[in-house]
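Trainee: Following this message is one structure expressed as structure tokens.
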Amino acid sequence: MTAPSPKKHSRLYRILLWTSIVLALLIILTVIAGDIALRRVGPAVKAKVIAALSARFDSRVELASFHVSTVRGFEISGKGLKLWPNHLSMPQPLIQVDHFSFHLLGWQQLIQTPNYIGKVRVSGLQIRIPPRSQRANIPHLISGSSSGSSSSSSSGGNPGDESSQLTVGEILIDNAVLVFENNQPGKEPLTFAIHKLTLHSVAAGQPMKFEATLVNPKPLGNIATTGDFGPFDAQNPAETPVDGQYSFTHADLSTLRGIGGILSSQGKYSGQLNRIVVDGTTDTPDFQLASTRHPMPLKTTFHALVDGTSGNTHLEPVDAWLAQTHIVASGDVDRVPGQKGRDITLNCTVGPGRIENILQLTAKVSPIMNGPLQVQAQIHIPPGPGTIGDRLEVNGTFSLDGIHFTDPKVQNKVDQLSLRGQGHPQQARQEADALKAGNLQAGAVANVSSTITGSFVLSNGQVGFPSLDYTVPGAEVKLQGRYLLNAGALDFTGAARLHAHVSQMVTGWKSFVLKAVNPFFSKDGAGTEVPVRITGTRSKPNIGIGH
């Protein structure tokens with residue numbers, strides 16, 4: 001009942017955050033290269049660049065090649081840049097770049113620190129973030145090493161740092177990968193593939209425009225986004241402003257356990273990294289649960305507050321339509337430290353709605369009833385193993401009015417109860433005989449509608465009903481019990497109160513004989529009150545009268 005899309009926003013903002021940090025690394029590298037280029041050439045240039053980067057970021061630095069060329073207008077390029085933090089034990093580098101290049105405006109920038117570079121090209125960028133327990137040891141790529149104290153200003157650079165004076169007109173990044181490692185054995189790391197990322201007017205203390213296309217891993221799909229990021233706040237990165245718009249297409253929900261369908265989403269976002277306001281829509285024409293595989297159209301409009309630093313999301317509200325059923329939900333989707341997955345808590349209202357829509361989505365067989373539905377519920381999906389259906393907990397109340405059963409045999413039993421409860425046994429018998437003879441139309445002449453109200457608790461694959469009131473003309477049945485979802489098994493007990501006396505519910509000599517026992521069954525204004533037990537399955541219920 002929730003929109004899957006807010007999760008992807010927090011991942012996108014983390015991508016932007018780490019990408020900006022890497023870009024700071026590249027800008028500083030540019031300054032160093034420009035300052036020493038042509039003063040010393042060959043291996044000395046490469047060695048000085050490595051030493052400067054190593055000291056600046058408290059890391060072991062590898063640079064396979066470094067070139068300064070005047071053939072194509074003072075081009076600086078390099079290959080195989082890798083950064084290994086000294087205080088982290090990583091089998092692969094934190095950051096690596098296959099190739100980078102940029103042009104300087106003239107020879108003056110080769111002997112002085114450049115303050116403007118028109119375009120920087122980067123290909124094969126990989127950022128590999130260690131498990132959460134080790135991330136405190138990541139070097140502070142903006143303000144210095146992890147061991148040193150931060151002295152940067154909120155604009156993202158030291159006042160005396162020459163790199164803070166550098167502006168890059170455009171940075172083009174091709175084939176970038178962002179990997180979030182985990183320390184769970186056998187679990188694959190979360191990987192984001194960024195096909196293209198373009199950044200405009202990149203400078204310390206200034207916002208930059210960006211355009212990006214990337215592949216979201218869960219749910220698997222393509223994200224295209226444009227917007228503004230920054231100025232980056234080095235002292236309080238979470239307060240860095242961000243705004244933009246996005247398009248999320250061909251998202252395969254089957255990559256999330258328990259659901260399926262192809263989702264598309266569009267929207268906009270604004271705020272700062274730790275408090276981003278997101279407004280958007282989703283459209284899933286074939287939304288389905290993995291346990292039933294009955295596709296249903298699902299459309300949502302949502303307003304959410306997202307903490308891009310943690311991924312915690314407050315939904316207020318999600319407005320959804322599942323076929324003809326209206327669903328409004330609000331609540332929270334939070335990360336639980338040390339737990340797998342998110343903790344989801346929602347308040348949900350269903351209505352106007354149709355019970356057949358809900359049954360078609362959740363049941364393995366065709367809906368057994370149809371009619372209007374109203375629901376008020378609190379939904380909780382705790383983190384942990386298993387599918388969403390396994391972990392789903394729901395506590396609520398419901399009302400179904402004007403319900404008809406789709407199985408003629410079940411509907412005939414309802415008609416029998418209503419007709420006899422009203423004191424029309426002859427018509428009840430005629431319908432029963434017609435149904436036995438195969439005349440479905442004559443067997444459902446009454447076609448009585450039912451009203452069902454009650455409270456329910458769903459957990460552990462079953463629905464418990466502390467109270468369940470079932471009403472048809474001439475009869476009221478009060479029950480309590482449970483319904484097993486996978487087996488479709490019924491187990492209910494209660495009492496049936498009918499308007500007619502016992503003798504009025506049968507014909508012939510039986511009616512005459514039973515007049516003597518009418519007082520024994522009449523109670524509290526009801527013509528007849530008897531114990532009821534319902535067992536069997538939803539397709540073949542067994543209704544027993546008496547203990």
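All residue names refer to the structure tokens as shown: chains lettered A, B, ... in order, residues numbered from 1 in each chain, ligands numbered from 1 in order.
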Quick one: everything within 6 Å of region 278-295 of chain A, counting only C-alpha atoms, minus sequence neighbours fewer than 3 positions away in the same chain. Send it as a PDB file with all heavy atoms, in the first residue's frame.

Mentor:
```
ATOM      1  N   GLY A 258       8.815 -10.266  -2.353  1.00  0.00           N
ATOM      2  CA  GLY A 258       7.420 -10.255  -1.951  1.00  0.00           C
ATOM      3  C   GLY A 258       6.476  -9.535  -2.884  1.00  0.00           C
ATOM      4  O   GLY A 258       5.264  -9.706  -2.773  1.00  0.00           O
ATOM      5  N   ILE A 259       6.995  -8.688  -3.804  1.00  0.00           N
ATOM      6  CA  ILE A 259       6.115  -7.959  -4.710  1.00  0.00           C
ATOM      7  C   ILE A 259       6.637  -8.070  -6.136  1.00  0.00           C
ATOM      8  O   ILE A 259       7.726  -8.578  -6.385  1.00  0.00           O
ATOM      9  CB  ILE A 259       5.975  -6.480  -4.301  1.00  0.00           C
ATOM     10  CG1 ILE A 259       7.347  -5.783  -4.315  1.00  0.00           C
ATOM     11  CG2 ILE A 259       5.337  -6.357  -2.915  1.00  0.00           C
ATOM     12  CD1 ILE A 259       7.250  -4.293  -4.001  1.00  0.00           C
ATOM     13  N   GLY A 260       5.858  -7.568  -7.085  1.00  0.00           N
ATOM     14  CA  GLY A 260       6.261  -7.603  -8.483  1.00  0.00           C
ATOM     15  C   GLY A 260       5.543  -6.522  -9.263  1.00  0.00           C
ATOM     16  O   GLY A 260       4.645  -5.831  -8.764  1.00  0.00           O
ATOM     17  N   GLY A 261       5.951  -6.348 -10.533  1.00  0.00           N
ATOM     18  CA  GLY A 261       5.378  -5.335 -11.398  1.00  0.00           C
ATOM     19  C   GLY A 261       6.453  -4.391 -11.906  1.00  0.00           C
ATOM     20  O   GLY A 261       7.580  -4.378 -11.413  1.00  0.00           O
ATOM     21  N   ILE A 262       6.107  -3.598 -12.916  1.00  0.00           N
ATOM     22  CA  ILE A 262       7.018  -2.618 -13.492  1.00  0.00           C
ATOM     23  C   ILE A 262       6.508  -1.222 -13.132  1.00  0.00           C
ATOM     24  O   ILE A 262       5.421  -0.826 -13.520  1.00  0.00           O
ATOM     25  CB  ILE A 262       7.131  -2.771 -15.024  1.00  0.00           C
ATOM     26  CG1 ILE A 262       7.601  -4.175 -15.379  1.00  0.00           C
ATOM     27  CG2 ILE A 262       8.086  -1.724 -15.581  1.00  0.00           C
ATOM     28  CD1 ILE A 262       8.968  -4.534 -14.824  1.00  0.00           C
ATOM     29  N   LEU A 263       7.337  -0.487 -12.387  1.00  0.00           N
ATOM     30  CA  LEU A 263       6.951   0.822 -11.853  1.00  0.00           C
ATOM     31  C   LEU A 263       7.633   1.940 -12.635  1.00  0.00           C
ATOM     32  O   LEU A 263       8.783   1.807 -13.055  1.00  0.00           O
ATOM     33  CB  LEU A 263       7.332   0.908 -10.377  1.00  0.00           C
ATOM     34  CG  LEU A 263       7.167   2.248  -9.657  1.00  0.00           C
ATOM     35  CD1 LEU A 263       6.696   2.021  -8.225  1.00  0.00           C
ATOM     36  CD2 LEU A 263       8.470   3.044  -9.648  1.00  0.00           C
ATOM     37  N   SER A 264       6.922   3.026 -12.802  1.00  0.00           N
ATOM     38  CA  SER A 264       7.518   4.269 -13.294  1.00  0.00           C
ATOM     39  C   SER A 264       7.136   5.385 -12.326  1.00  0.00           C
ATOM     40  O   SER A 264       6.056   5.347 -11.716  1.00  0.00           O
ATOM     41  CB  SER A 264       7.042   4.598 -14.709  1.00  0.00           C
ATOM     42  OG  SER A 264       5.636   4.782 -14.734  1.00  0.00           O
ATOM     43  N   SER A 265       8.018   6.381 -12.189  1.00  0.00           N
ATOM     44  CA  SER A 265       7.774   7.446 -11.228  1.00  0.00           C
ATOM     45  C   SER A 265       8.402   8.741 -11.724  1.00  0.00           C
ATOM     46  O   SER A 265       9.472   8.726 -12.336  1.00  0.00           O
ATOM     47  CB  SER A 265       8.352   7.059  -9.855  1.00  0.00           C
ATOM     48  OG  SER A 265       8.181   8.104  -8.920  1.00  0.00           O
ATOM     49  N   GLN A 266       7.722   9.846 -11.464  1.00  0.00           N
ATOM     50  CA  GLN A 266       8.253  11.167 -11.759  1.00  0.00           C
ATOM     51  C   GLN A 266       8.019  12.060 -10.552  1.00  0.00           C
ATOM     52  O   GLN A 266       7.058  11.862  -9.802  1.00  0.00           O
ATOM     53  CB  GLN A 266       7.574  11.793 -12.992  1.00  0.00           C
ATOM     54  CG  GLN A 266       7.901  11.137 -14.308  1.00  0.00           C
ATOM     55  CD  GLN A 266       7.131   9.853 -14.534  1.00  0.00           C
ATOM     56  OE1 GLN A 266       5.961   9.779 -14.173  1.00  0.00           O
ATOM     57  NE2 GLN A 266       7.775   8.858 -15.126  1.00  0.00           N
ATOM     58  N   GLY A 267       8.893  13.042 -10.372  1.00  0.00           N
ATOM     59  CA  GLY A 267       8.691  13.940  -9.253  1.00  0.00           C
ATOM     60  C   GLY A 267       9.766  15.006  -9.146  1.00  0.00           C
ATOM     61  O   GLY A 267      10.631  15.136 -10.019  1.00  0.00           O
ATOM     62  N   LYS A 268       9.715  15.741  -8.047  1.00  0.00           N
ATOM     63  CA  LYS A 268      10.688  16.796  -7.782  1.00  0.00           C
ATOM     64  C   LYS A 268      11.068  16.745  -6.310  1.00  0.00           C
ATOM     65  O   LYS A 268      10.345  16.181  -5.477  1.00  0.00           O
ATOM     66  CB  LYS A 268      10.109  18.170  -8.139  1.00  0.00           C
ATOM     67  CG  LYS A 268       8.840  18.525  -7.385  1.00  0.00           C
ATOM     68  CD  LYS A 268       8.286  19.867  -7.817  1.00  0.00           C
ATOM     69  CE  LYS A 268       7.015  20.209  -7.033  1.00  0.00           C
ATOM     70  NZ  LYS A 268       6.460  21.534  -7.427  1.00  0.00           N
ATOM     71  N   TYR A 269      12.218  17.335  -5.973  1.00  0.00           N
ATOM     72  CA  TYR A 269      12.703  17.317  -4.606  1.00  0.00           C
ATOM     73  C   TYR A 269      13.456  18.618  -4.325  1.00  0.00           C
ATOM     74  O   TYR A 269      14.004  19.256  -5.228  1.00  0.00           O
ATOM     75  CB  TYR A 269      13.609  16.109  -4.352  1.00  0.00           C
ATOM     76  CG  TYR A 269      14.697  15.920  -5.376  1.00  0.00           C
ATOM     77  CD1 TYR A 269      15.940  16.525  -5.227  1.00  0.00           C
ATOM     78  CD2 TYR A 269      14.483  15.134  -6.506  1.00  0.00           C
ATOM     79  CE1 TYR A 269      16.937  16.357  -6.165  1.00  0.00           C
ATOM     80  CE2 TYR A 269      15.475  14.949  -7.460  1.00  0.00           C
ATOM     81  CZ  TYR A 269      16.703  15.562  -7.280  1.00  0.00           C
ATOM     82  OH  TYR A 269      17.687  15.399  -8.225  1.00  0.00           O
ATOM     83  N   LEU A 298      -1.907  -0.041  -9.983  1.00  0.00           N
ATOM     84  CA  LEU A 298      -1.676   0.739  -8.769  1.00  0.00           C
ATOM     85  C   LEU A 298      -1.060   2.079  -9.156  1.00  0.00           C
ATOM     86  O   LEU A 298      -0.012   2.120  -9.801  1.00  0.00           O
ATOM     87  CB  LEU A 298      -0.749  -0.013  -7.812  1.00  0.00           C
ATOM     88  CG  LEU A 298      -0.329   0.735  -6.542  1.00  0.00           C
ATOM     89  CD1 LEU A 298      -1.533   1.018  -5.653  1.00  0.00           C
ATOM     90  CD2 LEU A 298       0.744  -0.041  -5.781  1.00  0.00           C
ATOM     91  N   LYS A 299      -1.709   3.172  -8.757  1.00  0.00           N
ATOM     92  CA  LYS A 299      -1.191   4.514  -8.983  1.00  0.00           C
ATOM     93  C   LYS A 299      -1.127   5.251  -7.661  1.00  0.00           C
ATOM     94  O   LYS A 299      -2.037   5.122  -6.834  1.00  0.00           O
ATOM     95  CB  LYS A 299      -2.077   5.282  -9.968  1.00  0.00           C
ATOM     96  CG  LYS A 299      -2.078   4.708 -11.383  1.00  0.00           C
ATOM     97  CD  LYS A 299      -2.870   5.599 -12.333  1.00  0.00           C
ATOM     98  CE  LYS A 299      -2.809   5.051 -13.757  1.00  0.00           C
ATOM     99  NZ  LYS A 299      -3.499   5.919 -14.730  1.00  0.00           N
ATOM    100  N   THR A 300      -0.054   6.011  -7.451  1.00  0.00           N
ATOM    101  CA  THR A 300       0.089   6.756  -6.205  1.00  0.00           C
ATOM    102  C   THR A 300       0.553   8.177  -6.470  1.00  0.00           C
ATOM    103  O   THR A 300       1.242   8.456  -7.453  1.00  0.00           O
ATOM    104  CB  THR A 300       1.095   6.080  -5.243  1.00  0.00           C
ATOM    105  OG1 THR A 300       2.418   6.261  -5.749  1.00  0.00           O
ATOM    106  CG2 THR A 300       0.814   4.604  -5.082  1.00  0.00           C
ATOM    107  N   THR A 301       0.170   9.054  -5.565  1.00  0.00           N
ATOM    108  CA  THR A 301       0.711  10.407  -5.463  1.00  0.00           C
ATOM    109  C   THR A 301       1.220  10.548  -4.039  1.00  0.00           C
ATOM    110  O   THR A 301       0.512  10.191  -3.094  1.00  0.00           O
ATOM    111  CB  THR A 301      -0.371  11.463  -5.742  1.00  0.00           C
ATOM    112  OG1 THR A 301      -0.892  11.257  -7.058  1.00  0.00           O
ATOM    113  CG2 THR A 301       0.200  12.866  -5.644  1.00  0.00           C
ATOM    114  N   PHE A 302       2.449  11.048  -3.865  1.00  0.00           N
ATOM    115  CA  PHE A 302       3.011  11.055  -2.523  1.00  0.00           C
ATOM    116  C   PHE A 302       3.732  12.370  -2.218  1.00  0.00           C
ATOM    117  O   PHE A 302       4.227  13.068  -3.100  1.00  0.00           O
ATOM    118  CB  PHE A 302       3.973   9.880  -2.310  1.00  0.00           C
ATOM    119  CG  PHE A 302       5.161   9.883  -3.219  1.00  0.00           C
ATOM    120  CD1 PHE A 302       6.324  10.558  -2.876  1.00  0.00           C
ATOM    121  CD2 PHE A 302       5.124   9.205  -4.430  1.00  0.00           C
ATOM    122  CE1 PHE A 302       7.418  10.557  -3.712  1.00  0.00           C
ATOM    123  CE2 PHE A 302       6.214   9.201  -5.281  1.00  0.00           C
ATOM    124  CZ  PHE A 302       7.374   9.877  -4.918  1.00  0.00           C
ATOM    125  N   HIS A 303       3.755  12.667  -0.923  1.00  0.00           N
ATOM    126  CA  HIS A 303       4.530  13.779  -0.365  1.00  0.00           C
ATOM    127  C   HIS A 303       5.364  13.184   0.759  1.00  0.00           C
ATOM    128  O   HIS A 303       4.826  12.535   1.659  1.00  0.00           O
ATOM    129  CB  HIS A 303       3.603  14.867   0.169  1.00  0.00           C
ATOM    130  CG  HIS A 303       4.320  15.993   0.855  1.00  0.00           C
ATOM    131  ND1 HIS A 303       4.954  17.007   0.169  1.00  0.00           N
ATOM    132  CD2 HIS A 303       4.516  16.260   2.171  1.00  0.00           C
ATOM    133  CE1 HIS A 303       5.489  17.846   1.027  1.00  0.00           C
ATOM    134  NE2 HIS A 303       5.253  17.414   2.259  1.00  0.00           N
ATOM    135  N   ALA A 304       6.667  13.372   0.717  1.00  0.00           N
ATOM    136  CA  ALA A 304       7.538  12.704   1.681  1.00  0.00           C
ATOM    137  C   ALA A 304       8.647  13.636   2.140  1.00  0.00           C
ATOM    138  O   ALA A 304       9.078  14.536   1.409  1.00  0.00           O
ATOM    139  CB  ALA A 304       8.141  11.445   1.064  1.00  0.00           C
ATOM    140  N   LEU A 361      -5.898  -9.071  -5.252  1.00  0.00           N
ATOM    141  CA  LEU A 361      -4.471  -8.860  -5.040  1.00  0.00           C
ATOM    142  C   LEU A 361      -3.885  -9.884  -4.077  1.00  0.00           C
ATOM    143  O   LEU A 361      -2.780 -10.383  -4.285  1.00  0.00           O
ATOM    144  CB  LEU A 361      -4.229  -7.446  -4.499  1.00  0.00           C
ATOM    145  CG  LEU A 361      -2.782  -7.093  -4.155  1.00  0.00           C
ATOM    146  CD1 LEU A 361      -1.934  -6.999  -5.420  1.00  0.00           C
ATOM    147  CD2 LEU A 361      -2.730  -5.779  -3.378  1.00  0.00           C
ATOM    148  N   LYS A 364      -5.103 -16.347  -3.684  1.00  0.00           N
ATOM    149  CA  LYS A 364      -4.647 -17.171  -4.799  1.00  0.00           C
ATOM    150  C   LYS A 364      -5.797 -17.561  -5.728  1.00  0.00           C
ATOM    151  O   LYS A 364      -5.556 -17.934  -6.877  1.00  0.00           O
ATOM    152  CB  LYS A 364      -3.953 -18.423  -4.266  1.00  0.00           C
ATOM    153  CG  LYS A 364      -2.653 -18.146  -3.522  1.00  0.00           C
ATOM    154  CD  LYS A 364      -1.985 -19.427  -3.061  1.00  0.00           C
ATOM    155  CE  LYS A 364      -0.669 -19.129  -2.340  1.00  0.00           C
ATOM    156  NZ  LYS A 364       0.008 -20.351  -1.872  1.00  0.00           N
TER     157      LYS A 364
END
```

Trainee: Extract, using only C-alpha atoms, all DNA, RNA and protein residues at most 7 Å from Leu125 (chain A), discarding same-chain residues fewer than 2 positions from it, and format them as JSON, numbers by chain.

Mentor: {"A": [96, 97, 98, 122, 123, 127, 175, 176, 177]}

Trainee: With all heavy atoms kept, could you save the residues just selected as a short mmCIF file (atom, residue, chain, number, x, y, z; two decimals), in the first residue's frame?

Mentor:
```cif
data_model
loop_
_atom_site.label_atom_id
_atom_site.label_comp_id
_atom_site.auth_asym_id
_atom_site.auth_seq_id
_atom_site.Cartn_x
_atom_site.Cartn_y
_atom_site.Cartn_z
N GLN A 96 38.91 4.93 -7.33
CA GLN A 96 39.82 4.73 -8.44
C GLN A 96 39.22 5.34 -9.70
O GLN A 96 38.00 5.39 -9.88
CB GLN A 96 40.13 3.25 -8.65
CG GLN A 96 39.00 2.38 -9.16
CD GLN A 96 39.45 0.94 -9.33
OE1 GLN A 96 39.89 0.29 -8.38
NE2 GLN A 96 39.35 0.44 -10.54
N VAL A 97 40.13 5.85 -10.55
CA VAL A 97 39.74 6.49 -11.81
C VAL A 97 40.56 5.86 -12.92
O VAL A 97 41.79 5.85 -12.85
CB VAL A 97 39.98 8.01 -11.76
CG1 VAL A 97 39.67 8.66 -13.11
CG2 VAL A 97 39.16 8.65 -10.65
N ASP A 98 39.87 5.34 -13.92
CA ASP A 98 40.59 4.73 -15.05
C ASP A 98 41.34 5.78 -15.86
O ASP A 98 42.49 5.60 -16.23
CB ASP A 98 39.63 3.96 -15.95
CG ASP A 98 39.11 2.70 -15.29
OD1 ASP A 98 39.69 2.28 -14.26
OD2 ASP A 98 38.11 2.14 -15.78
N VAL A 122 36.25 12.49 -17.09
CA VAL A 122 36.59 11.38 -16.22
C VAL A 122 35.85 10.14 -16.72
O VAL A 122 34.65 10.21 -17.02
CB VAL A 122 36.19 11.64 -14.75
CG1 VAL A 122 36.54 10.44 -13.87
CG2 VAL A 122 36.86 12.90 -14.23
N SER A 123 36.54 9.04 -16.83
CA SER A 123 35.88 7.79 -17.21
C SER A 123 36.36 6.67 -16.29
O SER A 123 37.49 6.67 -15.82
CB SER A 123 36.18 7.43 -18.67
OG SER A 123 37.56 7.21 -18.87
N ILE A 127 33.76 4.33 -6.75
CA ILE A 127 33.81 4.68 -5.34
C ILE A 127 33.31 3.47 -4.57
O ILE A 127 32.18 3.03 -4.77
CB ILE A 127 32.95 5.90 -5.02
CG1 ILE A 127 33.28 7.07 -5.98
CG2 ILE A 127 33.12 6.33 -3.58
CD1 ILE A 127 32.31 8.22 -5.89
N ASN A 175 30.53 6.20 -17.04
CA ASN A 175 30.70 4.85 -16.48
C ASN A 175 31.27 4.89 -15.06
O ASN A 175 32.36 4.41 -14.79
CB ASN A 175 31.58 4.00 -17.38
CG ASN A 175 31.00 3.82 -18.76
OD1 ASN A 175 29.78 3.68 -18.90
ND2 ASN A 175 31.84 3.85 -19.78
N ALA A 176 30.49 5.48 -14.18
CA ALA A 176 30.86 5.51 -12.77
C ALA A 176 30.10 4.43 -12.02
O ALA A 176 28.99 4.05 -12.40
CB ALA A 176 30.57 6.88 -12.16
N VAL A 177 30.70 3.93 -10.95
CA VAL A 177 30.08 2.90 -10.12
C VAL A 177 30.24 3.30 -8.66
O VAL A 177 31.34 3.66 -8.22
CB VAL A 177 30.71 1.51 -10.36
CG1 VAL A 177 30.08 0.48 -9.42
CG2 VAL A 177 30.52 1.08 -11.81
#
```

Trainee: Kindly indicate which residue among A:Gly423, A:Gly351, A:Pro531, A:Gly331 lies nearest to Val502 (chain A), using only C-alpha atoms for the distances.

Mentor: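 Closest candidate: A:Gly423.
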
Trainee: With a distance cut-off of 10 Å and only C-alpha atoms, select the neighbouring residues of region 425-429 of chain A, excluding the residue or stretch itself and same-chain residues fewer than 6 positions from it, and output the selection as a list in words.

Mentor: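 Contacts, with the query itself left out: Asn412, Lys413, Asp415, Gln416, Leu417, Ser418, Leu419, Leu435, Gly443, Ala444, Val445, Ala446, Ser503, Gln504, Met505, Val506, Thr507, Gly508 and Ser511 of chain A.
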
Trainee: Between A:Val532, A:Lys523, A:Gly230, A:Ile129, which is the closest to Ser89 (chain A) once you count only C-alpha atoms?

Mentor: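 Residue with the minimum atom-to-atom distance to Ser89 (chain A): A:Ile129.
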
Trainee: At a cut-off of 7 Å, using only C-alpha atoms, what residues contact region 369-382 of chain A? Leave out same-chain residues fewer than 5 positions from it and give the result as a ChimeraX atom specification.

Mentor: /A:342-356,391-406

Trainee: Set the distance at 9 Å and use only C-alpha atoms: which residues neighbour Pro385 (chain A) once local chain neighbours fewer than 5 positions away are removed? I'd like the list as an mmCIF file with C-alpha atoms, in the first residue's frame.

Mentor:
```cif
data_model
loop_
_atom_site.group_PDB
_atom_site.id
_atom_site.type_symbol
_atom_site.label_atom_id
_atom_site.label_comp_id
_atom_site.auth_asym_id
_atom_site.auth_seq_id
_atom_site.Cartn_x
_atom_site.Cartn_y
_atom_site.Cartn_z
ATOM 1 C CA LYS A 340 18.244 -6.005 7.831
ATOM 2 C CA GLY A 341 15.730 -3.870 5.972
ATOM 3 C CA ASP A 390 5.599 -12.915 6.093
ATOM 4 C CA ARG A 391 6.438 -9.830 8.174
#
```
